[in-house]
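**Student:** Quick one, protein.txt (compact mmCIF, C-alpha atoms):
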```txt
# COMPACT_ATOMS: atom_id res chain seq x y z
CA MET A 1 -2.57 29.48 71.09
CA GLU A 2 -4.00 27.22 68.42
CA GLN A 3 -3.60 27.44 64.68
CA THR A 4 -6.26 25.96 62.41
CA ILE A 5 -5.84 24.34 59.03
CA THR A 6 -9.03 23.87 57.05
CA LEU A 7 -9.88 21.07 54.63
CA LYS A 8 -9.57 23.56 51.75
CA GLU A 9 -6.07 24.52 52.90
CA ILE A 10 -5.15 20.82 53.13
CA LEU A 11 -6.43 20.12 49.61
CA ASP A 12 -4.59 23.20 48.25
CA MET A 13 -1.22 22.14 49.71
CA ALA A 14 1.62 20.79 47.57
CA ARG A 15 1.32 16.99 47.40
CA LEU A 16 4.44 16.14 49.43
CA LYS A 17 3.67 18.68 52.16
CA ARG A 18 0.11 17.29 52.47
CA MET A 19 1.40 13.69 52.65
CA THR A 20 3.92 14.64 55.32
CA LEU A 21 1.35 16.51 57.41
CA ILE A 22 -1.52 14.04 57.20
CA ASN A 23 0.75 11.06 57.90
CA THR A 24 1.71 12.57 61.28
CA LEU A 25 -1.87 13.17 62.45
CA THR A 26 -2.79 9.64 63.55
CA GLY A 27 0.00 9.84 66.15
CA PHE A 28 2.82 7.35 66.67
CA LYS A 29 2.80 4.33 64.38
CA SER A 30 4.41 0.92 64.33
CA ALA A 31 7.34 -0.06 62.12
CA ASN A 32 7.15 -3.57 60.68
CA LEU A 33 8.95 -5.33 57.87
CA ILE A 34 6.71 -7.58 55.76
CA GLY A 35 8.51 -10.60 54.30
CA SER A 36 7.05 -12.43 51.31
CA ALA A 37 8.11 -14.69 48.43
CA ASP A 38 6.75 -15.43 44.95
CA GLY A 39 7.46 -19.18 44.98
CA LYS A 40 10.03 -18.81 42.17
CA GLY A 41 12.97 -17.87 44.39
CA GLN A 42 12.28 -14.13 44.49
CA HIS A 43 11.60 -12.70 47.95
CA ASN A 44 10.60 -9.23 49.05
CA LEU A 45 10.84 -7.14 52.16
CA ALA A 46 8.91 -3.91 52.68
CA ILE A 47 8.43 -1.52 55.60
CA PHE A 48 4.86 -0.86 56.75
CA ASN A 49 3.61 1.68 59.30
CA SER A 50 -0.02 0.60 59.09
CA ALA A 51 -0.27 -2.60 61.15
CA VAL A 52 -3.48 -2.51 63.18
CA HIS A 53 -4.78 -4.89 65.85
CA ILE A 54 -8.02 -6.43 64.57
CA GLY A 55 -8.64 -9.01 67.28
CA ALA A 56 -7.11 -11.51 69.69
CA ASN A 57 -9.40 -14.55 69.25
CA PRO A 58 -8.67 -15.50 66.55
CA PRO A 59 -5.42 -13.46 66.51
CA LEU A 60 -5.75 -11.05 63.56
CA ILE A 61 -3.64 -8.17 62.27
CA GLY A 62 -4.57 -5.74 59.49
CA LEU A 63 -2.25 -3.97 57.03
CA LEU A 64 -3.10 -1.20 54.57
CA PHE A 65 -1.75 -1.44 51.02
CA ARG A 66 -1.52 1.32 48.46
CA PRO A 67 -1.43 -0.71 45.26
CA THR A 68 0.56 1.94 43.41
CA THR A 69 3.58 1.84 45.72
CA VAL A 70 6.65 -0.38 45.96
CA ALA A 71 4.69 -2.60 48.34
CA ARG A 72 2.84 -4.00 45.30
CA HIS A 73 5.23 -6.97 45.06
CA SER A 74 4.50 -7.81 48.70
CA TYR A 75 0.77 -7.70 47.99
CA GLU A 76 1.06 -9.92 44.91
CA ASN A 77 3.24 -12.42 46.80
CA ILE A 78 0.80 -12.58 49.72
CA ARG A 79 -2.16 -13.15 47.40
CA ALA A 80 -0.26 -15.84 45.45
CA SER A 81 1.16 -17.81 48.40
CA GLY A 82 -1.32 -16.88 51.15
CA LYS A 83 1.59 -16.53 53.59
CA TYR A 84 3.84 -13.71 54.82
CA THR A 85 5.78 -12.58 57.86
CA ILE A 86 5.56 -9.49 60.10
CA ASN A 87 8.84 -8.49 61.76
CA HIS A 88 9.27 -5.64 64.28
CA VAL A 89 11.87 -3.04 63.34
CA HIS A 90 14.60 -2.82 66.00
CA TYR A 91 16.60 0.36 66.66
CA ARG A 92 19.78 -1.36 65.44
CA PHE A 93 18.40 -1.68 61.89
CA TYR A 94 15.83 1.07 61.40
CA ARG A 95 17.96 2.60 58.61
CA GLU A 96 18.06 -0.68 56.69
CA ALA A 97 14.31 -1.04 57.28
CA HIS A 98 13.67 2.48 55.90
CA GLN A 99 15.86 1.70 52.88
CA THR A 100 13.50 -1.16 51.86
CA SER A 101 11.08 1.57 50.70
CA ALA A 102 13.38 2.41 47.76
CA LYS A 103 12.05 1.43 44.32
CA TYR A 104 14.50 -1.34 43.40
CA GLU A 105 14.56 -2.86 39.93
CA GLU A 106 12.59 -6.00 39.16
CA GLY A 107 14.46 -9.03 40.51
CA VAL A 108 16.38 -7.20 43.27
CA SER A 109 15.57 -8.47 46.78
CA GLU A 110 15.42 -5.83 49.49
CA PHE A 111 17.21 -8.34 51.74
CA SER A 112 20.40 -8.31 49.66
CA ALA A 113 20.03 -4.59 48.89
CA THR A 114 19.91 -3.63 52.57
CA GLY A 115 22.02 -6.38 54.20
CA LEU A 116 19.18 -7.74 56.34
CA THR A 117 19.23 -11.54 56.68
CA PRO A 118 16.37 -13.74 55.41
CA GLN A 119 15.53 -16.43 57.97
CA TRP A 120 13.75 -19.51 56.60
CA VAL A 121 11.73 -21.72 58.90
CA SER A 122 11.05 -25.26 57.71
CA GLY A 123 7.74 -25.57 55.87
CA PHE A 124 6.98 -21.83 55.75
CA PRO A 125 7.24 -20.19 52.31
CA ALA A 126 7.98 -16.58 53.37
CA PRO A 127 11.21 -15.28 54.91
CA PHE A 128 11.47 -13.81 58.40
CA VAL A 129 14.02 -11.11 59.26
CA GLU A 130 16.70 -12.81 61.35
CA GLU A 131 17.70 -9.55 63.08
CA SER A 132 14.16 -8.89 64.35
CA HIS A 133 13.30 -9.74 67.98
CA ILE A 134 9.52 -10.16 67.51
CA LYS A 135 8.11 -11.79 64.36
CA MET A 136 4.99 -13.56 63.24
CA ALA A 137 4.16 -16.14 60.58
CA MET A 138 0.93 -14.91 58.96
CA GLU A 139 -1.81 -16.41 56.81
CA TYR A 140 -4.05 -14.32 54.53
CA VAL A 141 -7.70 -14.25 55.69
CA GLU A 142 -9.58 -11.57 53.76
CA GLU A 143 -9.34 -8.06 52.35
CA TYR A 144 -11.45 -4.94 51.99
CA PRO A 145 -10.92 -2.48 49.13
CA ILE A 146 -11.53 1.01 50.55
CA LYS A 147 -13.89 2.88 48.21
CA ALA A 148 -12.81 6.33 49.38
CA ASN A 149 -9.29 6.07 47.93
CA GLY A 150 -8.53 2.62 46.51
CA THR A 151 -6.32 1.37 49.34
CA ILE A 152 -6.79 -2.21 50.56
CA LEU A 153 -7.15 -3.40 54.16
CA LEU A 154 -5.63 -6.89 54.19
CA ILE A 155 -6.30 -9.05 57.24
CA GLY A 156 -4.17 -12.00 58.27
CA LYS A 157 -4.16 -14.57 61.05
CA ILE A 158 -1.11 -15.19 63.24
CA LEU A 159 0.04 -18.80 62.75
CA GLU A 160 3.10 -18.59 64.98
CA ILE A 161 4.95 -16.01 67.06
CA ARG A 162 8.74 -16.13 67.28
CA MET A 163 10.39 -13.83 69.80
CA ALA A 164 13.66 -13.41 71.63
CA LYS A 165 13.61 -15.11 75.05
CA GLY A 166 12.94 -12.91 78.07
CA LEU A 167 10.45 -10.57 76.40
CA LEU A 168 7.19 -12.36 77.22
CA GLU A 169 5.90 -11.89 80.76
CA GLU A 170 3.69 -14.33 82.69
CA ASP A 171 0.48 -12.36 82.03
CA GLY A 172 1.07 -12.08 78.28
CA TYR A 173 2.67 -8.62 78.33
CA VAL A 174 5.55 -8.13 75.90
CA ASP A 175 8.02 -5.38 76.79
CA LEU A 176 8.49 -3.52 73.48
CA GLN A 177 11.07 -1.15 74.96
CA LEU A 178 13.22 -4.10 76.09
CA ALA A 179 12.63 -5.65 72.65
CA GLY A 180 14.15 -2.55 71.04
CA THR A 181 11.09 -2.02 68.83
CA VAL A 182 10.92 1.47 67.30
CA ALA A 183 7.96 3.80 66.73
CA VAL A 184 7.47 6.01 63.69
CA SER A 185 5.83 9.33 62.96
CA GLY A 186 4.92 10.53 59.52
CA LEU A 187 6.76 8.85 56.66
CA ASP A 188 10.33 8.97 57.83
CA THR A 189 10.96 9.70 61.52
CA TYR A 190 11.99 6.95 63.92
CA PHE A 191 11.79 6.98 67.71
CA GLN A 192 12.76 4.88 70.69
CA ALA A 193 10.17 4.67 73.45
CA ASP A 194 10.55 5.43 77.17
CA ARG A 195 7.92 3.90 79.40
CA LEU A 196 5.81 6.32 81.45
CA ALA A 197 3.65 3.66 83.17
CA ARG A 198 1.60 0.54 82.76
CA LEU A 199 -1.84 1.33 84.19
CA SER A 200 -4.41 -0.92 85.81
CA TYR A 201 -7.77 -1.74 84.17
CA ALA A 202 -9.93 1.39 84.51
CA ARG A 203 -13.11 1.24 86.60
CA PRO A 204 -15.49 4.05 87.62
CA GLU A 205 -14.73 5.58 91.03
CA GLU A 206 -11.47 3.63 91.38
CA ALA A 207 -8.00 5.20 91.25
CA LEU A 208 -5.62 3.85 88.60
CA ARG A 209 -2.60 1.92 89.88
CA GLU A 210 0.73 1.40 88.15
CA LEU A 211 1.41 -2.24 87.28
CA MET B 1 17.57 -17.71 71.33
CA GLU B 2 14.01 -17.60 70.08
CA GLN B 3 10.90 -18.97 71.67
CA THR B 4 7.94 -19.94 69.52
CA ILE B 5 4.24 -19.71 70.37
CA THR B 6 1.95 -21.62 68.03
CA LEU B 7 -1.59 -20.71 66.99
CA LYS B 8 -2.88 -23.60 69.10
CA GLU B 9 -1.03 -22.25 72.15
CA ILE B 10 -2.50 -18.79 71.51
CA LEU B 11 -6.04 -20.18 71.23
CA ASP B 12 -5.55 -22.27 74.42
CA MET B 13 -4.46 -19.24 76.50
CA ALA B 14 -6.64 -17.63 79.15
CA ARG B 15 -8.65 -14.82 77.51
CA LEU B 16 -6.93 -11.90 79.27
CA LYS B 17 -3.42 -13.25 78.68
CA ARG B 18 -4.19 -13.73 74.98
CA MET B 19 -5.64 -10.20 74.70
CA THR B 20 -2.57 -8.74 76.41
CA LEU B 21 -0.14 -10.67 74.21
CA ILE B 22 -1.82 -10.15 70.84
CA ASN B 23 -2.39 -6.44 71.49
CA THR B 24 1.39 -5.91 71.82
CA LEU B 25 2.30 -7.64 68.55
CA THR B 26 1.48 -4.89 66.08
CA GLY B 27 4.15 -2.73 67.77
CA PHE B 28 3.72 0.80 69.13
CA LYS B 29 0.29 2.33 68.69
CA SER B 30 -1.22 5.78 68.82
CA ALA B 31 -3.30 7.14 71.71
CA ASN B 32 -6.25 9.28 70.68
CA LEU B 33 -9.35 10.50 72.46
CA ILE B 34 -12.49 10.41 70.34
CA GLY B 35 -15.02 13.11 71.24
CA SER B 36 -18.66 12.75 70.21
CA ALA B 37 -22.13 13.96 71.20
CA ASP B 38 -25.64 12.61 70.82
CA GLY B 39 -27.35 15.92 70.03
CA LYS B 40 -29.32 15.80 73.29
CA GLY B 41 -26.64 17.29 75.51
CA GLN B 42 -24.84 14.03 76.27
CA HIS B 43 -21.22 13.88 75.14
CA ASN B 44 -18.72 11.06 75.22
CA LEU B 45 -14.96 10.69 75.24
CA ALA B 46 -13.19 7.38 74.61
CA ILE B 47 -9.56 6.36 74.16
CA PHE B 48 -8.63 4.56 70.94
CA ASN B 49 -5.33 2.90 70.00
CA SER B 50 -6.43 1.94 66.50
CA ALA B 51 -6.19 5.14 64.43
CA VAL B 52 -4.72 4.30 61.04
CA HIS B 53 -3.68 6.57 58.17
CA ILE B 54 -5.89 5.77 55.18
CA GLY B 55 -4.82 8.51 52.81
CA ALA B 56 -3.75 12.15 52.44
CA ASN B 57 -5.84 13.30 49.44
CA PRO B 58 -8.57 13.40 50.58
CA PRO B 59 -7.27 13.32 54.19
CA LEU B 60 -8.73 10.12 55.72
CA ILE B 61 -8.24 8.38 59.07
CA GLY B 62 -9.60 4.95 60.04
CA LEU B 63 -10.65 3.74 63.50
CA LEU B 64 -11.56 0.21 64.57
CA PHE B 65 -14.62 -0.30 66.77
CA ARG B 66 -15.50 -3.35 68.82
CA PRO B 67 -19.28 -2.91 69.15
CA THR B 68 -19.37 -4.74 72.48
CA THR B 69 -17.06 -2.35 74.30
CA VAL B 70 -17.58 0.96 76.07
CA ALA B 71 -16.80 2.70 72.79
CA ARG B 72 -20.32 1.79 71.60
CA HIS B 73 -21.69 5.20 72.64
CA SER B 74 -19.01 6.88 70.56
CA TYR B 75 -19.97 4.74 67.58
CA GLU B 76 -23.67 5.50 67.96
CA ASN B 77 -22.99 9.23 68.32
CA ILE B 78 -20.79 9.28 65.22
CA ARG B 79 -23.42 7.45 63.17
CA ALA B 80 -26.19 9.75 64.41
CA SER B 81 -24.41 13.11 63.97
CA GLY B 82 -21.84 12.22 61.29
CA LYS B 83 -19.22 14.25 63.19
CA TYR B 84 -16.56 13.57 65.82
CA THR B 85 -13.14 14.73 66.98
CA ILE B 86 -9.76 13.01 67.25
CA ASN B 87 -7.47 14.42 69.97
CA HIS B 88 -3.87 13.31 70.61
CA VAL B 89 -3.17 12.12 74.15
CA HIS B 90 -0.45 14.27 75.77
CA TYR B 91 1.89 12.94 78.49
CA ARG B 92 0.33 15.35 81.00
CA PHE B 93 -3.06 13.62 80.80
CA TYR B 94 -2.46 10.01 79.74
CA ARG B 95 -3.92 8.80 83.07
CA GLU B 96 -7.16 10.71 82.52
CA ALA B 97 -7.23 9.42 78.94
CA HIS B 98 -6.82 5.81 80.14
CA GLN B 99 -9.58 6.35 82.72
CA THR B 100 -12.08 7.10 79.90
CA SER B 101 -12.06 3.33 79.18
CA ALA B 102 -13.97 2.66 82.43
CA LYS B 103 -17.58 1.52 81.98
CA TYR B 104 -19.44 4.55 83.36
CA GLU B 105 -23.17 4.48 83.93
CA GLU B 106 -25.57 5.74 81.29
CA GLY B 107 -25.63 9.54 81.33
CA VAL B 108 -22.14 10.04 82.83
CA SER B 109 -19.79 11.98 80.54
CA GLU B 110 -16.18 10.83 80.56
CA PHE B 111 -15.24 14.52 80.46
CA SER B 112 -16.68 15.24 83.89
CA ALA B 113 -15.61 11.82 85.24
CA THR B 114 -11.96 12.39 84.34
CA GLY B 115 -11.64 16.17 84.60
CA LEU B 116 -10.71 16.72 80.95
CA THR B 117 -12.24 19.89 79.47
CA PRO B 118 -14.69 19.81 76.57
CA GLN B 119 -13.85 22.49 73.99
CA TRP B 120 -16.71 23.58 71.71
CA VAL B 121 -15.98 25.21 68.41
CA SER B 122 -18.77 27.25 66.85
CA GLY B 123 -20.87 25.22 64.43
CA PHE B 124 -19.29 21.83 65.19
CA PRO B 125 -21.48 19.37 67.14
CA ALA B 126 -18.75 17.27 68.82
CA PRO B 127 -16.42 18.36 71.63
CA PHE B 128 -12.64 18.62 71.31
CA VAL B 129 -10.33 18.03 74.27
CA GLU B 130 -9.03 21.44 75.30
CA GLU B 131 -5.86 19.98 76.87
CA SER B 132 -4.84 18.25 73.64
CA HIS B 133 -2.17 19.88 71.43
CA ILE B 134 -3.19 18.22 68.13
CA LYS B 135 -6.85 17.66 67.27
CA MET B 136 -9.02 17.15 64.24
CA ALA B 137 -12.66 17.80 63.38
CA MET B 138 -13.84 14.67 61.55
CA GLU B 139 -16.72 13.73 59.28
CA TYR B 140 -17.97 10.16 58.81
CA VAL B 141 -17.33 8.79 55.30
CA GLU B 142 -17.94 5.02 55.28
CA GLU B 143 -17.46 1.82 57.26
CA TYR B 144 -16.51 -1.79 56.70
CA PRO B 145 -17.77 -4.55 58.99
CA ILE B 146 -14.92 -7.09 59.32
CA LYS B 147 -16.32 -10.57 58.70
CA ALA B 148 -13.54 -12.36 60.57
CA ASN B 149 -14.55 -11.01 64.00
CA GLY B 150 -17.35 -8.45 63.80
CA THR B 151 -15.24 -5.33 64.37
CA ILE B 152 -15.93 -2.27 62.24
CA LEU B 153 -13.41 -0.14 60.34
CA LEU B 154 -14.88 3.37 60.34
CA ILE B 155 -13.33 5.90 57.99
CA GLY B 156 -13.61 9.66 58.42
CA LYS B 157 -12.40 12.74 56.58
CA ILE B 158 -10.46 15.52 58.30
CA LEU B 159 -12.49 18.76 58.11
CA GLU B 160 -10.11 20.89 60.15
CA ILE B 161 -6.86 20.50 62.07
CA ARG B 162 -6.32 22.50 65.25
CA MET B 163 -2.85 22.41 66.78
CA ALA B 164 -0.68 24.32 69.19
CA LYS B 165 1.47 26.93 67.45
CA GLY B 166 5.08 26.01 66.73
CA LEU B 167 4.47 22.32 65.96
CA LEU B 168 3.99 22.48 62.19
CA GLU B 169 7.15 22.84 60.13
CA GLU B 170 7.44 24.44 56.70
CA ASP B 171 7.44 21.10 54.84
CA GLY B 172 4.36 19.73 56.65
CA TYR B 173 6.23 17.77 59.32
CA VAL B 174 4.66 17.85 62.78
CA ASP B 175 7.03 17.17 65.68
CA LEU B 176 5.07 14.69 67.84
CA GLN B 177 7.79 14.60 70.51
CA LEU B 178 7.59 18.39 70.92
CA ALA B 179 3.79 18.05 70.91
CA GLY B 180 4.04 15.70 73.92
CA THR B 181 2.01 13.00 72.13
CA VAL B 182 2.34 9.57 73.79
CA ALA B 183 2.64 6.09 72.27
CA VAL B 184 0.99 2.95 73.62
CA SER B 185 1.76 -0.74 73.67
CA GLY B 186 -0.78 -3.43 74.40
CA LEU B 187 -3.85 -2.28 76.28
CA ASP B 188 -2.38 -0.22 79.07
CA THR B 189 1.25 0.88 78.72
CA TYR B 190 2.13 4.46 77.83
CA PHE B 191 5.43 5.77 76.47
CA GLN B 192 7.13 9.02 75.59
CA ALA B 193 9.15 8.98 72.39
CA ASP B 194 12.80 9.96 71.83
CA ARG B 195 13.72 10.76 68.27
CA LEU B 196 16.42 8.61 66.68
CA ALA B 197 16.41 10.32 63.28
CA ARG B 198 14.35 11.67 60.43
CA LEU B 199 15.60 9.94 57.28
CA SER B 200 15.64 11.11 53.68
CA TYR B 201 13.47 9.52 50.96
CA ALA B 202 15.03 6.13 50.15
CA ARG B 203 16.44 5.53 46.65
CA PRO B 204 18.40 2.54 45.32
CA GLU B 205 22.20 2.99 45.49
CA GLU B 206 21.91 6.22 47.48
CA ALA B 207 22.92 6.57 51.13
CA LEU B 208 20.23 7.78 53.54
CA ARG B 209 20.76 11.23 55.05
CA GLU B 210 19.38 12.60 58.31
CA LEU B 211 16.96 15.48 57.79
```
Step by step, read the file and then write its structure as structure tokens.

**Tutor:**
Amino acid sequence: MEQTITLKEILDMARLKRMTLINTLTGFKSANLIGSADGKGQHNLAIFNSAVHIGANPPLIGLLFRPTTVARHSYENIRASGKYTINHVHYRFYREAHQTSAKYEEGVSEFSATGLTPQWVSGFPAPFVEESHIKMAMEYVEEYPIKANGTILLIGKILEIRMAKGLLEEDGYVDLQLAGTVAVSGLDTYFQADRLARLSYARPEEALREL
Amino acid sequence: MEQTITLKEILDMARLKRMTLINTLTGFKSANLIGSADGKGQHNLAIFNSAVHIGANPPLIGLLFRPTTVARHSYENIRASGKYTINHVHYRFYREAHQTSAKYEEGVSEFSATGLTPQWVSGFPAPFVEESHIKMAMEYVEEYPIKANGTILLIGKILEIRMAKGLLEEDGYVDLQLAGTVAVSGLDTYFQADRLARLSYARPEEALREL
């Protein structure tokens, strides 16, 4: 049996209920911590569930920003320095990662507030998260303001990947379950992943194989 | 111990290895089947891993299209009719969902090729996937061609949600694990999710609680 929820019912919902519902409807999402710095010694760390693969050549990742949220400092830092980091959230620190979404006072770094460790790599102006097993140094490329609701799609290029040894396989596959990377649904629910199968490239009239 | 992979090393990789690697780096992704029709009796079904939450009010979801791929028919149908469906991939049919990525000949519907069942709802021109537990009727809103690599961010508005009874909680939360929705990494690896915790709204100086 199916239940239906119309657009009118969605628009008539209480704001928090609507946010909770609509945020679950895209399906499982990624959990990444974005590290940035303002060049005056202040650094920021913010959790994002909106990373999206834009392309592999050149290697590009998109992030969606709501300018009115706590992620505003991250956005301003990225625009000022042109550099930032993306760090996968591991199941050992998903609570600390979630806590970065709190609205801290001006001048408080989410690193010191949550106990996560900033990792500085020579010559790169933004901090990585030391505890993360998969992280990328990113460079700002371009952005698209979304007319429909004022969010911004910000696209960056991967300058360098840093990952724990043993995760990268010969054919380029990275085992996210072995890496301990978590998945998210909605605004606040964290999951570990159990692999069902890796499937072969699909072709008409050919049975799929497990890789 | 960390290993590093530089941008030059990424660009020097064989094409398929680079695609496999870069596609894993955003973290876990959603798996959705996009249903569309051309108005002449031909309907299409294509798997997408790029659904991204754009906003809740109005309820908006983005999808990324690579115009050179098999998803081109879906794109053309959406532009022609202005309507499409988004259907969560359930663990019982992730193989059929993956198979929709095969390059079928002109005139072959991925529904009949994979055995998934088109579900028609009165007055709506695009097919839903009957086997799916969470599905949305969508209307085209706008699109953004991405300069950096020619992909297109297409944004649609949710007109109606259809979901199996018992999934929607009082506060708007939808239990994706109970729904059987799968997560994806890279291009080809499917996962079930195990909940770690749902965490309370984060505030400075306040301990997180499990909801």

**Student:** Would you mind listing, as a ChimeraX atom specification, all residues of chain A that have at least one atom within 6 Å of chain B, where all atoms listed in the file are what counts?

**Tutor:** /A:1-7,17,19-22,26-30,51,56,99,102,104,159-165,171-173,183,188-199,202-204

**Student:** In Å, rounded to a single decimal, give me how far atom CA of B:Leu178 is from atom CA of B:Ser122.

**Tutor:**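 So the answer is 28.1 Å.
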
**Student:** Using only C-alpha atoms, which of the listed residues (A:Glu131, A:Asp12, A:Glu139, A:Glu106) sits closest to A:Gln42?

**Tutor:**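 Looking at the shortest contact to A:Gln42, the residue is A:Glu106.
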
**Student:** Can you tell me how far atom CA of A:Arg72 sits from atom CA of A:Asn44, in Å to one decimal?

**Tutor:** 10.1 Å

**Student:** Would you compute an axis-aligned box for stretch 175-185 of chain B, covering every atom listed for it in the file with 3 Å of margin on each side, and report centre and edge lengths in Å to one decimal as JSON?

**Tutor:**
```
{"center_x": 4.4, "center_y": 8.8, "center_z": 69.8, "size_x": 12.8, "size_y": 25.1, "size_z": 14.2}
```
